[in-house]
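Coordinates as given in protein_32.cif (mmCIF, C-alpha atoms):
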data_entry
#
loop_
_atom_site.label_atom_id
_atom_site.label_comp_id
_atom_site.auth_asym_id
_atom_site.auth_seq_id
_atom_site.Cartn_x
_atom_site.Cartn_y
_atom_site.Cartn_z
CA MET Q 1 35.04 -177.37 -13.39
CA GLY Q 2 37.81 -175.29 -14.97
CA LEU Q 3 37.42 -173.20 -18.10
CA THR Q 4 39.65 -175.57 -20.11
CA SER Q 5 38.09 -178.75 -18.69
CA ASN Q 6 36.78 -181.32 -21.16
CA LYS Q 7 33.77 -181.78 -18.88
CA VAL Q 8 32.77 -178.13 -19.36
CA LEU Q 9 33.09 -178.47 -23.14
CA VAL Q 10 31.05 -181.68 -23.27
CA LEU Q 11 28.40 -180.18 -20.96
CA ALA Q 12 28.11 -177.07 -23.14
CA PHE Q 13 27.64 -179.06 -26.36
CA ALA Q 14 25.17 -181.40 -24.62
CA CYS Q 15 23.10 -178.41 -23.49
CA ALA Q 16 23.18 -176.97 -27.02
CA ALA Q 17 21.97 -180.29 -28.45
CA LEU Q 18 19.18 -180.59 -25.87
CA LEU Q 19 18.02 -177.04 -26.50
CA PHE Q 20 17.98 -177.66 -30.26
CA ILE Q 21 15.90 -180.83 -29.80
CA GLY Q 22 13.62 -179.02 -27.34
CA THR Q 23 13.10 -176.15 -29.77
CA VAL Q 24 12.07 -178.53 -32.58
CA TRP Q 25 9.81 -180.50 -30.24
CA LEU Q 26 8.06 -177.50 -28.66
CA TRP Q 27 7.78 -175.31 -31.76
CA PRO Q 28 4.30 -176.58 -32.82
CA ARG Q 29 2.97 -175.81 -29.33
CA LEU Q 30 4.33 -172.26 -29.58
CA ALA Q 31 2.91 -171.57 -33.05
CA ARG Q 32 0.17 -169.28 -31.78
CA ARG Q 33 0.32 -165.48 -32.01
CA ASN Q 34 -0.32 -164.60 -28.37
CA TRP Q 35 2.43 -163.01 -26.26
CA ARG Q 36 3.20 -166.19 -24.35
CA ALA Q 37 3.84 -168.23 -27.50
CA VAL Q 38 5.95 -165.47 -29.09
CA SER Q 39 7.95 -165.07 -25.87
CA GLY Q 40 8.49 -168.81 -25.75
CA ARG Q 41 9.81 -168.92 -29.32
CA VAL Q 42 12.11 -165.96 -28.72
CA GLY Q 43 13.37 -167.48 -25.47
CA LEU Q 44 14.15 -170.86 -27.02
CA LEU Q 45 15.96 -169.31 -30.00
CA LEU Q 46 18.01 -166.99 -27.81
CA ALA Q 47 18.92 -169.76 -25.36
CA THR Q 48 19.95 -172.12 -28.16
CA GLN Q 49 22.06 -169.47 -29.89
CA LEU Q 50 23.67 -168.40 -26.61
CA VAL Q 51 24.64 -171.94 -25.56
CA LEU Q 52 25.85 -172.77 -29.08
CA PHE Q 53 27.99 -169.61 -29.12
CA ALA Q 54 29.41 -170.49 -25.68
CA SER Q 55 30.21 -174.02 -26.87
CA VAL Q 56 32.11 -172.78 -29.91
CA GLY Q 57 33.94 -170.25 -27.74
CA LEU Q 58 34.95 -172.90 -25.21
CA GLY Q 59 36.17 -175.15 -28.01
CA ALA Q 60 38.21 -172.35 -29.59
CA ASN Q 61 39.70 -171.47 -26.20
CA GLN Q 62 40.74 -175.08 -25.66
CA ALA Q 63 42.33 -175.23 -29.10
CA PHE Q 64 44.19 -171.92 -28.95
CA GLY Q 65 44.71 -171.34 -25.21
CA PHE Q 66 43.47 -167.74 -25.03
CA TYR Q 67 42.39 -167.89 -21.38
CA ALA Q 68 43.54 -170.25 -18.65
CA SER Q 69 40.72 -169.90 -16.11
CA TRP Q 70 37.35 -168.27 -15.45
CA ALA Q 71 39.12 -165.51 -13.51
CA ASP Q 72 41.45 -164.94 -16.45
CA LEU Q 73 38.47 -164.78 -18.83
CA PHE Q 74 36.62 -162.17 -16.76
CA GLY Q 75 39.73 -160.12 -15.99
CA LYS Q 76 39.75 -161.01 -12.31
CA GLU Q 77 42.98 -163.00 -12.16
CA THR Q 78 44.71 -161.97 -8.94
CA ASP Q 79 46.77 -164.96 -7.83
CA GLN Q 80 49.78 -164.10 -9.96
CA GLY Q 81 51.45 -160.82 -10.72
CA VAL Q 82 53.98 -158.34 -9.45
CA VAL Q 83 55.09 -158.89 -5.86
CA VAL Q 84 57.33 -156.88 -3.59
CA ASP Q 85 57.74 -159.48 -0.83
CA ASN Q 86 61.34 -160.73 -0.96
CA SER Q 87 60.64 -163.55 1.49
CA ALA Q 88 59.85 -165.72 -1.54
CA LEU Q 89 63.56 -165.69 -2.29
CA GLN Q 90 64.71 -166.91 1.11
CA GLY Q 91 63.95 -170.60 0.61
CA THR Q 92 66.52 -173.11 -0.54
CA GLY Q 93 64.95 -173.15 -4.00
CA GLY Q 94 66.17 -169.64 -4.81
CA PRO Q 95 64.41 -167.51 -7.43
CA LEU Q 96 63.21 -170.60 -9.34
CA GLN Q 97 61.33 -173.43 -7.68
CA VAL Q 98 60.02 -176.60 -9.30
CA VAL Q 99 56.34 -177.22 -8.58
CA GLU Q 100 55.61 -180.31 -10.71
CA THR Q 101 57.29 -182.63 -13.21
CA ARG Q 102 55.78 -184.50 -16.17
CA ARG Q 103 57.00 -186.69 -19.00
CA VAL Q 104 57.25 -185.49 -22.57
CA ASP Q 105 54.46 -186.80 -24.78
CA ALA Q 106 56.57 -188.45 -27.44
CA PRO Q 107 56.42 -191.60 -29.60
CA GLY Q 108 57.87 -194.72 -28.01
CA GLY Q 109 55.94 -194.71 -24.75
CA SER Q 110 59.00 -194.34 -22.54
CA SER Q 111 58.60 -192.28 -19.37
CA ARG Q 112 62.30 -192.15 -18.51
CA PRO Q 113 63.77 -188.63 -18.60
CA GLN Q 114 66.97 -190.13 -20.09
CA SER Q 115 64.92 -191.17 -23.14
CA VAL Q 116 62.36 -188.40 -23.70
CA GLY Q 117 63.39 -185.58 -21.38
CA GLN Q 118 61.16 -183.90 -18.83
CA VAL Q 119 58.86 -180.90 -18.51
CA GLN Q 120 58.93 -179.09 -15.17
CA ARG Q 121 56.35 -176.56 -14.03
CA VAL Q 122 58.17 -173.85 -12.09
CA ASP Q 123 57.58 -170.60 -10.24
CA ILE Q 124 60.03 -167.77 -10.88
CA VAL Q 125 60.56 -164.61 -8.83
CA GLY Q 126 62.78 -161.87 -10.21
CA ARG Q 127 65.43 -160.75 -7.75
CA THR Q 128 65.57 -157.17 -9.00
CA THR Q 129 62.12 -156.61 -10.53
CA HIS Q 130 60.19 -158.68 -7.95
CA ILE Q 131 58.01 -160.02 -10.74
CA ALA Q 132 56.56 -163.46 -9.96
CA THR Q 133 55.36 -165.69 -12.77
CA PRO Q 134 54.90 -169.39 -13.57
CA ALA Q 135 56.65 -171.13 -16.46
CA TYR Q 136 57.35 -174.56 -17.95
CA VAL Q 137 60.90 -175.78 -18.50
CA TYR Q 138 61.73 -178.53 -20.98
CA LEU Q 139 64.93 -180.46 -20.23
CA PRO Q 140 66.16 -182.65 -23.11
CA PRO Q 141 67.01 -186.33 -22.47
CA GLU Q 142 70.74 -185.56 -22.77
CA TYR Q 143 70.41 -183.43 -19.62
CA PHE Q 144 69.70 -186.57 -17.56
CA GLN Q 145 72.18 -188.94 -19.16
CA PRO Q 146 75.13 -189.79 -16.87
CA ARG Q 147 77.75 -189.13 -19.54
CA ASN Q 148 76.58 -185.50 -19.76
CA ARG Q 149 76.34 -184.77 -16.05
CA THR Q 150 79.04 -182.08 -16.25
CA ARG Q 151 77.90 -180.55 -19.53
CA SER Q 152 75.90 -177.34 -19.82
CA PHE Q 153 73.25 -176.61 -22.44
CA PRO Q 154 72.05 -173.65 -24.50
CA ALA Q 155 68.64 -172.28 -23.58
CA THR Q 156 65.78 -170.66 -25.47
CA VAL Q 157 62.94 -168.64 -23.98
CA VAL Q 158 59.57 -169.39 -25.63
CA LEU Q 159 56.79 -166.80 -25.34
CA THR Q 160 53.06 -166.99 -26.06
CA GLY Q 161 50.95 -164.27 -27.54
CA TYR Q 162 48.53 -162.14 -25.50
CA PRO Q 163 46.71 -163.26 -23.44
CA GLY Q 164 47.86 -166.84 -24.07
CA THR Q 165 48.76 -169.58 -21.60
CA ALA Q 166 52.15 -171.15 -20.97
CA GLN Q 167 50.54 -174.59 -20.96
CA ALA Q 168 49.46 -174.08 -24.58
CA LEU Q 169 53.13 -173.97 -25.58
CA VAL Q 170 53.47 -177.50 -24.17
CA ASP Q 171 50.13 -179.07 -25.11
CA LYS Q 172 48.97 -177.16 -28.22
CA LEU Q 173 52.10 -175.89 -29.96
CA ASN Q 174 54.08 -178.97 -28.84
CA TYR Q 175 57.43 -177.26 -28.30
CA PRO Q 176 58.95 -180.05 -26.11
CA ARG Q 177 57.95 -182.84 -28.48
CA THR Q 178 59.12 -180.86 -31.52
CA ALA Q 179 62.48 -180.12 -29.90
CA LEU Q 180 62.90 -183.79 -28.97
CA GLU Q 181 62.08 -185.01 -32.49
CA LEU Q 182 64.37 -182.44 -34.14
CA ALA Q 183 67.27 -183.38 -31.86
CA ARG Q 184 66.70 -187.10 -32.49
CA ALA Q 185 66.82 -186.41 -36.23
CA GLY Q 186 70.06 -184.45 -35.84
CA ARG Q 187 68.45 -181.23 -37.07
CA MET Q 188 69.10 -179.25 -33.88
CA GLN Q 189 71.23 -179.52 -30.78
CA PRO Q 190 69.65 -180.38 -27.42
CA MET Q 191 68.35 -177.20 -25.80
CA ILE Q 192 66.59 -176.21 -22.61
CA LEU Q 193 63.30 -174.43 -23.33
CA VAL Q 194 61.81 -171.94 -20.86
CA MET Q 195 58.15 -171.57 -21.87
CA MET Q 196 56.00 -168.78 -20.48
CA ARG Q 197 53.65 -165.87 -21.11
CA PRO Q 198 54.97 -162.39 -21.81
CA THR Q 199 52.05 -161.28 -19.62
CA VAL Q 200 53.93 -161.36 -16.31
CA ALA Q 201 51.61 -158.83 -14.64
CA PRO Q 202 48.17 -160.15 -15.66
CA PRO Q 203 45.73 -159.05 -16.84
CA ARG Q 204 47.80 -156.10 -18.11
CA ASP Q 205 49.59 -156.46 -21.43
CA THR Q 206 52.92 -154.76 -20.75
CA GLU Q 207 54.40 -155.51 -24.21
CA CYS Q 208 57.72 -156.38 -22.50
CA VAL Q 209 58.25 -152.72 -21.59
CA ASP Q 210 59.81 -151.33 -18.41
CA VAL Q 211 56.71 -149.30 -17.51
CA PRO Q 212 57.61 -146.13 -15.59
CA GLY Q 213 56.26 -146.66 -12.08
CA GLY Q 214 54.96 -150.09 -13.11
CA PRO Q 215 56.12 -153.62 -13.97
CA GLN Q 216 59.71 -153.74 -15.18
CA THR Q 217 58.98 -156.46 -17.72
CA GLU Q 218 61.91 -155.90 -20.07
CA SER Q 219 64.38 -156.01 -17.18
CA PHE Q 220 62.77 -159.22 -15.97
CA PHE Q 221 63.37 -160.98 -19.30
CA ALA Q 222 66.79 -159.42 -19.86
CA LYS Q 223 68.23 -159.97 -16.37
CA ASP Q 224 66.10 -161.76 -13.78
CA LEU Q 225 64.88 -164.66 -15.91
CA PRO Q 226 68.33 -165.71 -17.23
CA ASP Q 227 69.80 -165.35 -13.72
CA ALA Q 228 67.07 -167.54 -12.20
CA VAL Q 229 67.48 -170.26 -14.84
CA LEU Q 230 71.29 -170.17 -14.61
CA ALA Q 231 71.10 -170.57 -10.83
CA HIS Q 232 68.95 -173.69 -11.07
CA TYR Q 233 69.89 -175.53 -14.29
CA ARG Q 234 73.08 -176.43 -16.14
CA VAL Q 235 72.77 -173.67 -18.73
CA SER Q 236 75.88 -172.58 -20.57
CA LYS Q 237 77.38 -169.27 -19.45
CA LYS Q 238 79.28 -168.83 -22.71
CA PRO Q 239 78.36 -165.88 -24.94
CA GLY Q 240 75.77 -166.81 -27.51
CA SER Q 241 74.05 -169.45 -25.37
CA TRP Q 242 70.56 -167.90 -25.20
CA GLY Q 243 67.87 -167.60 -27.84
CA ILE Q 244 64.27 -166.41 -27.69
CA ILE Q 245 61.19 -167.19 -29.80
CA GLY Q 246 57.55 -166.18 -29.62
CA ASP Q 247 54.33 -165.78 -31.57
CA SER Q 248 52.31 -162.60 -32.05
CA THR Q 249 52.93 -160.45 -28.93
CA GLY Q 250 55.58 -162.98 -27.91
CA GLY Q 251 57.19 -162.57 -31.34
CA TYR Q 252 57.36 -158.80 -30.94
CA CYS Q 253 58.85 -159.24 -27.47
CA ALA Q 254 61.42 -161.76 -28.72
CA LEU Q 255 62.67 -159.43 -31.45
CA LYS Q 256 62.76 -156.41 -29.18
CA LEU Q 257 64.60 -158.19 -26.36
CA ALA Q 258 67.27 -159.47 -28.75
CA MET Q 259 67.68 -156.04 -30.35
CA HIS Q 260 67.86 -154.23 -27.01
CA HIS Q 261 69.98 -156.90 -25.29
CA PRO Q 262 72.13 -158.65 -27.93
CA LYS Q 263 74.67 -159.74 -25.30
CA VAL Q 264 71.89 -161.78 -23.63
CA TYR Q 265 69.98 -163.12 -26.64
CA ALA Q 266 72.14 -164.14 -29.58
CA ALA Q 267 69.13 -165.08 -31.73
CA ALA Q 268 65.43 -164.26 -31.79
CA ALA Q 269 62.54 -165.62 -33.86
CA GLY Q 270 59.29 -163.69 -34.17
CA LEU Q 271 56.41 -165.77 -35.50
CA SER Q 272 53.74 -163.44 -36.93
CA PRO Q 273 55.17 -160.51 -34.97
CA TYR Q 274 54.28 -156.87 -35.10
CA TYR Q 275 56.97 -154.22 -34.85
CA LYS Q 276 55.55 -151.48 -32.63
CA ALA Q 277 54.02 -151.67 -29.16
CA PRO Q 278 50.28 -150.92 -29.34
CA SER Q 279 48.42 -148.61 -26.97
CA ASP Q 280 44.94 -149.78 -26.02
CA ALA Q 281 42.75 -150.79 -23.11
CA THR Q 282 44.84 -153.90 -22.38
CA THR Q 283 48.17 -152.05 -22.25
CA GLY Q 284 47.20 -148.85 -20.47
CA ASN Q 285 49.71 -146.00 -20.59
CA LEU Q 286 52.95 -147.89 -21.13
CA PHE Q 287 55.28 -144.95 -21.63
CA GLN Q 288 53.93 -142.26 -19.31
CA GLY Q 289 54.87 -139.55 -21.80
CA ASP Q 290 58.45 -140.78 -22.24
CA GLU Q 291 59.04 -140.34 -25.99
CA THR Q 292 62.41 -142.09 -25.91
CA LEU Q 293 60.82 -145.17 -24.35
CA ARG Q 294 58.00 -145.03 -26.90
CA ASN Q 295 60.41 -144.75 -29.83
CA GLU Q 296 62.62 -147.59 -28.62
CA ALA Q 297 59.56 -149.85 -28.43
CA ASP Q 298 59.14 -149.25 -32.19
CA LEU Q 299 61.52 -151.75 -33.81
CA SER Q 300 61.59 -149.95 -37.16
CA TRP Q 301 62.57 -146.71 -35.40
CA TYR Q 302 65.14 -148.55 -33.30
CA ILE Q 303 66.95 -150.17 -36.22
CA GLU Q 304 67.16 -146.78 -37.97
CA HIS Q 305 68.25 -144.62 -35.02
CA ARG Q 306 70.31 -146.84 -32.73
CA PRO Q 307 73.56 -148.74 -33.36
CA ALA Q 308 72.80 -151.99 -35.18
CA PRO Q 309 72.66 -154.77 -32.55
CA ASP Q 310 74.98 -157.75 -33.02
CA THR Q 311 72.27 -160.43 -33.02
CA SER Q 312 70.39 -162.69 -35.45
CA LEU Q 313 66.70 -162.21 -36.18
CA LEU Q 314 64.09 -164.42 -37.87
CA VAL Q 315 60.65 -163.10 -38.84
CA THR Q 316 57.68 -164.93 -40.33
CA SER Q 317 54.56 -163.96 -42.24
CA SER Q 318 52.17 -165.14 -44.97
CA ARG Q 319 51.36 -163.56 -48.31
CA ILE Q 320 47.70 -164.38 -47.71
CA GLY Q 321 46.22 -164.37 -44.22
CA GLU Q 322 48.66 -162.29 -42.16
CA HIS Q 323 48.20 -158.55 -41.62
CA ASN Q 324 51.91 -158.05 -40.91
CA TYR Q 325 53.10 -159.05 -44.40
CA ASN Q 326 53.97 -155.56 -45.70
CA ASP Q 327 55.41 -154.46 -42.35
CA THR Q 328 57.57 -157.60 -42.33
CA LEU Q 329 58.98 -156.90 -45.79
CA LYS Q 330 59.74 -153.32 -44.71
CA PHE Q 331 61.47 -154.50 -41.53
CA ILE Q 332 63.57 -157.04 -43.45
CA ALA Q 333 64.74 -154.30 -45.83
CA GLN Q 334 65.62 -152.02 -42.91
CA VAL Q 335 67.66 -154.68 -41.13
CA LYS Q 336 69.46 -155.76 -44.32
CA ALA Q 337 70.78 -152.23 -44.61
CA ARG Q 338 72.58 -152.61 -41.26
CA ASN Q 339 75.78 -154.64 -41.23
CA SER Q 340 75.84 -155.97 -37.66
CA THR Q 341 72.32 -157.38 -37.48
CA ARG Q 342 71.50 -160.55 -39.44
CA ILE Q 343 67.96 -161.19 -40.69
CA SER Q 344 66.23 -164.34 -41.99
CA SER Q 345 62.60 -164.96 -42.83
CA ILE Q 346 59.91 -167.57 -43.38
CA ILE Q 347 57.19 -166.37 -45.76
CA LEU Q 348 54.31 -168.79 -46.30
CA GLU Q 349 52.02 -168.61 -49.31
CA SER Q 350 49.01 -168.60 -46.99
CA GLY Q 351 48.35 -168.96 -43.29
CA GLY Q 352 46.34 -167.07 -40.71
CA HIS Q 353 47.29 -165.67 -37.33
CA ASN Q 354 46.73 -168.96 -35.51
CA PHE Q 355 48.22 -172.10 -33.99
CA ASN Q 356 48.06 -174.08 -37.22
CA THR Q 357 50.31 -171.55 -38.97
CA TRP Q 358 52.77 -171.42 -36.07
CA ARG Q 359 53.00 -175.23 -35.91
CA ARG Q 360 54.28 -175.08 -39.52
CA GLU Q 361 56.89 -172.49 -38.58
CA ILE Q 362 58.12 -173.78 -35.21
CA PRO Q 363 60.31 -176.70 -36.46
CA PRO Q 364 62.37 -174.61 -38.92
CA ALA Q 365 62.50 -171.73 -36.43
CA LEU Q 366 63.87 -173.96 -33.65
CA GLN Q 367 66.39 -175.44 -36.07
CA TRP Q 368 67.42 -171.92 -37.10
CA ILE Q 369 67.89 -170.79 -33.48
CA SER Q 370 69.85 -173.92 -32.63
CA GLY Q 371 72.30 -173.21 -35.42
CA ARG Q 372 73.06 -169.76 -34.03
CA LEU Q 373 73.67 -170.68 -30.39
CA THR Q 374 76.83 -171.97 -28.79
CA ASP Q 375 77.37 -175.67 -29.54
CA TRP Q 376 76.77 -177.62 -26.34
CA TRP Q 377 79.43 -180.21 -27.27
CA LYS Q 378 82.22 -177.62 -27.28
#
Structure rendered as C-alpha cells:
Amino acid sequence: MGLTSNKVLVLAFACAALLFIGTVWLWPRLARRNWRAVSGRVGLLLATQLVLFASVGLGANQAFGFYASWADLFGKETDQGVVVDNSALQGTGGPLQVVETRRVDAPGGSSRPQSVGQVQRVDIVGRTTHIATPAYVYLPPEYFQPRNRTRSFPATVVLTGYPGTAQALVDKLNYPRTALELARAGRMQPMILVMMRPTVAPPRDTECVDVPGGPQTESFFAKDLPDAVLAHYRVSKKPGSWGIIGDSTGGYCALKLAMHHPKVYAAAAGLSPYYKAPSDATTGNLFQGDETLRNEADLSWYIEHRPAPDTSLLVTSSRIGEHNYNDTLKFIAQVKARNSTRISSIILESGGHNFNTWRREIPPALQWISGRLTDWWK
C-alpha cells in the first residue's frame, strides 16, 4: 500500500482507535506498582501516541502532498533523477512522452476532452541537461476542438514547493479545474499548463540553480523544458507566450527564472515565495564557492545589480501568517524603482504557508498571468 493510499490512512486511524480502546480496557489490570504493570502502561501509552502521530502525519501528507512514496519519505527515491543516457531520446516520442491520460474533474460530468480538456502524465528528458523528470500537462478543451486544430496556445509552467508532488497540483491545488472554470467564465484565455516539481534531481533541493558539476536545473527550465513542450504540443512560438507560477520554493524559482530569462518567461507569479536560495542539508553546496552564482540566486541583489529584466512579476504574502511579508514589501519597493520590470502583488489579511492560502491566490494569479501572455486568438 502506497504512502498516499486511503487504505493506509484508514488502517492507521483504525489502529489508533483500537489502541485507545485497549488502553482504557486494560488500564485497571495494569494499576499495580510492579515493573510489569508499569512497563505495560508505558508501552500502551507510547504505542497509542506513536500510532496517533503517524495517523495525523499521513493525513497531513495526503492533504498537502509533501511526499509521494515511502522511498521519497525516507530519502531513498532512486527511480527518477539526472540521467546521462541519451538513448531515451531516440524513440519516436522525442524528449516528451505521454504515459497516461485522464479527464479533468469538473462540474457537468462530461469526459470528452472537447468539453473539459485533458490531463496527461508525461516523462520529459532534457536534450542538453539530460535531466529526466515526470510532469502533468493540462490541455484546455479548445485544444481538442476541430475549429482550433491549427491554432497554438500560450503555456504556463506550474511548480510545487519542496519536496512537493506534481500530482498535488492536479488533485489538491486543482490547477486544471481552476483554469477550466476561469476560461469558461471569460476571465482568462485557454492555456496549456505544465505542472511539475522544481525538484528534478530528488531528493536534492537544487533551488533551480545550475549547480557547478551537478544538475543544471536552471538550464533545464529555461531551455530544455520549453523545447520539449514545443516539440510535442501546439504551443505558440510568439514572444510572450510563456508564463510560470509556483508556491514556496516553486514561487522563488518562478520569479528567478523570469528575471534571469525574460525572453522565455514573460510573466511569473510567486505564491508565498522567498527571495534568496537557502543553504542547508537538503540543498548541499549549491554554488561551490562561486560568489557570482550565489549573488545572482539572491533576487534582491539581482534587481539592484543587474539590468532590469523586461518581464512582469506577481508576488503574494499575508500580513498575518506568512514569514515573507516584510521581505515581500522590500522586494516590491526594489522592483518599482526599476523601469523595465513590472510588479504586482496579492497581500492577504491573514493566511499561512499552506494549500488553503494558495487556493485563494491561484485564481487571480492565473488570471493575471493570462492577461500578460500573447493572446491565442491573434
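Residue nearest Tyr252 (chain Q) within the list Q:Ala185, Q:Leu159, Q:Val211, Q:Ile303: Q:Leu159 [criterion: smallest interatomic distance, all atoms listed in the file].
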**OP:** Calculate how many Å separate CA of Gly284 (chain Q) from CA of Tyr136 (chain Q), rounding to one decimal.
**Re:**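 Pair CA of Gly284 (chain Q) / CA of Tyr136 (chain Q) returns 27.8 Å.
Residue nearest Val104 (chain Q) within the list Q:Glu218, Q:Asp327, Q:Asp123, Q:Asp171: Q:Asp171 [criterion: smallest interatomic distance, all atoms listed in the file].
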Original post:
Which distance in Å separates CA of Lys276 (chain Q) and CA of Leu299 (chain Q), to one decimal?
Top reply: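 Here the two named atoms are 6.1 Å from each other.
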Original post:
Hey, what comes out of the PyMOL selection byres ((chain Q and resi 283) around 8) on this file? Could you write it as an MDAnalysis selection string?
Top reply: chainID Q and resid 204:207 278:282 284:286
Original post:
So how far away is CA of Arg372 (chain Q) from CA of Tyr265 (chain Q), in Å?
Top reply: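 Interatomic distance here is 10.4 Å.
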**OP:** I need the residue set behind the PyMOL selection byres ((chain Q and resi 10) around 12) for this file; please write it as an MDAnalysis selection string.
**Re:** chainID Q and resid 1 3:9 11:17 51:52 54:56 58:59 62
Keeping all heavy atoms, write region 164-171 of chain Q of the structure just shown out as a short mmCIF file (atom, residue, chain, number, x, y, z; two decimals), in the first residue's frame.
data_model
loop_
_atom_site.label_atom_id
_atom_site.label_comp_id
_atom_site.auth_asym_id
_atom_site.auth_seq_id
_atom_site.Cartn_x
_atom_site.Cartn_y
_atom_site.Cartn_z
N GLY Q 164 7.19 18.44 -2.12
CA GLY Q 164 6.04 18.54 -3.02
C GLY Q 164 5.90 17.37 -3.99
O GLY Q 164 6.81 16.59 -4.20
N THR Q 165 4.71 17.26 -4.59
CA THR Q 165 4.46 16.27 -5.63
C THR Q 165 3.69 16.95 -6.75
O THR Q 165 2.83 17.79 -6.51
CB THR Q 165 3.63 15.08 -5.12
OG1 THR Q 165 2.32 15.53 -4.73
CG2 THR Q 165 4.29 14.41 -3.93
N ALA Q 166 4.02 16.58 -7.98
CA ALA Q 166 3.32 17.16 -9.13
C ALA Q 166 1.84 16.83 -9.10
O ALA Q 166 1.00 17.63 -9.51
CB ALA Q 166 3.96 16.67 -10.43
N GLN Q 167 1.50 15.64 -8.60
CA GLN Q 167 0.10 15.23 -8.56
C GLN Q 167 -0.72 16.15 -7.66
O GLN Q 167 -1.91 16.36 -7.91
CB GLN Q 167 -0.01 13.78 -8.08
CG GLN Q 167 -1.42 13.23 -8.17
CD GLN Q 167 -1.48 11.75 -7.85
OE1 GLN Q 167 -0.46 11.06 -7.84
NE2 GLN Q 167 -2.67 11.24 -7.60
N ALA Q 168 -0.09 16.71 -6.63
CA ALA Q 168 -0.82 17.62 -5.74
C ALA Q 168 -1.30 18.86 -6.47
O ALA Q 168 -2.32 19.45 -6.11
CB ALA Q 168 0.07 18.01 -4.56
N LEU Q 169 -0.58 19.28 -7.50
CA LEU Q 169 -1.00 20.44 -8.29
C LEU Q 169 -2.31 20.15 -9.01
O LEU Q 169 -3.12 21.04 -9.25
CB LEU Q 169 0.07 20.80 -9.31
CG LEU Q 169 1.42 21.25 -8.73
CD1 LEU Q 169 2.47 21.35 -9.83
CD2 LEU Q 169 1.28 22.59 -8.01
N VAL Q 170 -2.52 18.87 -9.36
CA VAL Q 170 -3.73 18.45 -10.07
C VAL Q 170 -4.87 18.18 -9.08
O VAL Q 170 -5.97 18.70 -9.23
CB VAL Q 170 -3.46 17.20 -10.91
CG1 VAL Q 170 -4.73 16.75 -11.64
CG2 VAL Q 170 -2.34 17.46 -11.92
N ASP Q 171 -4.57 17.39 -8.04
CA ASP Q 171 -5.63 16.88 -7.16
C ASP Q 171 -5.90 17.75 -5.93
O ASP Q 171 -7.02 17.75 -5.42
CB ASP Q 171 -5.26 15.48 -6.67
CG ASP Q 171 -5.15 14.48 -7.81
OD1 ASP Q 171 -5.79 14.72 -8.86
OD2 ASP Q 171 -4.42 13.49 -7.68
#
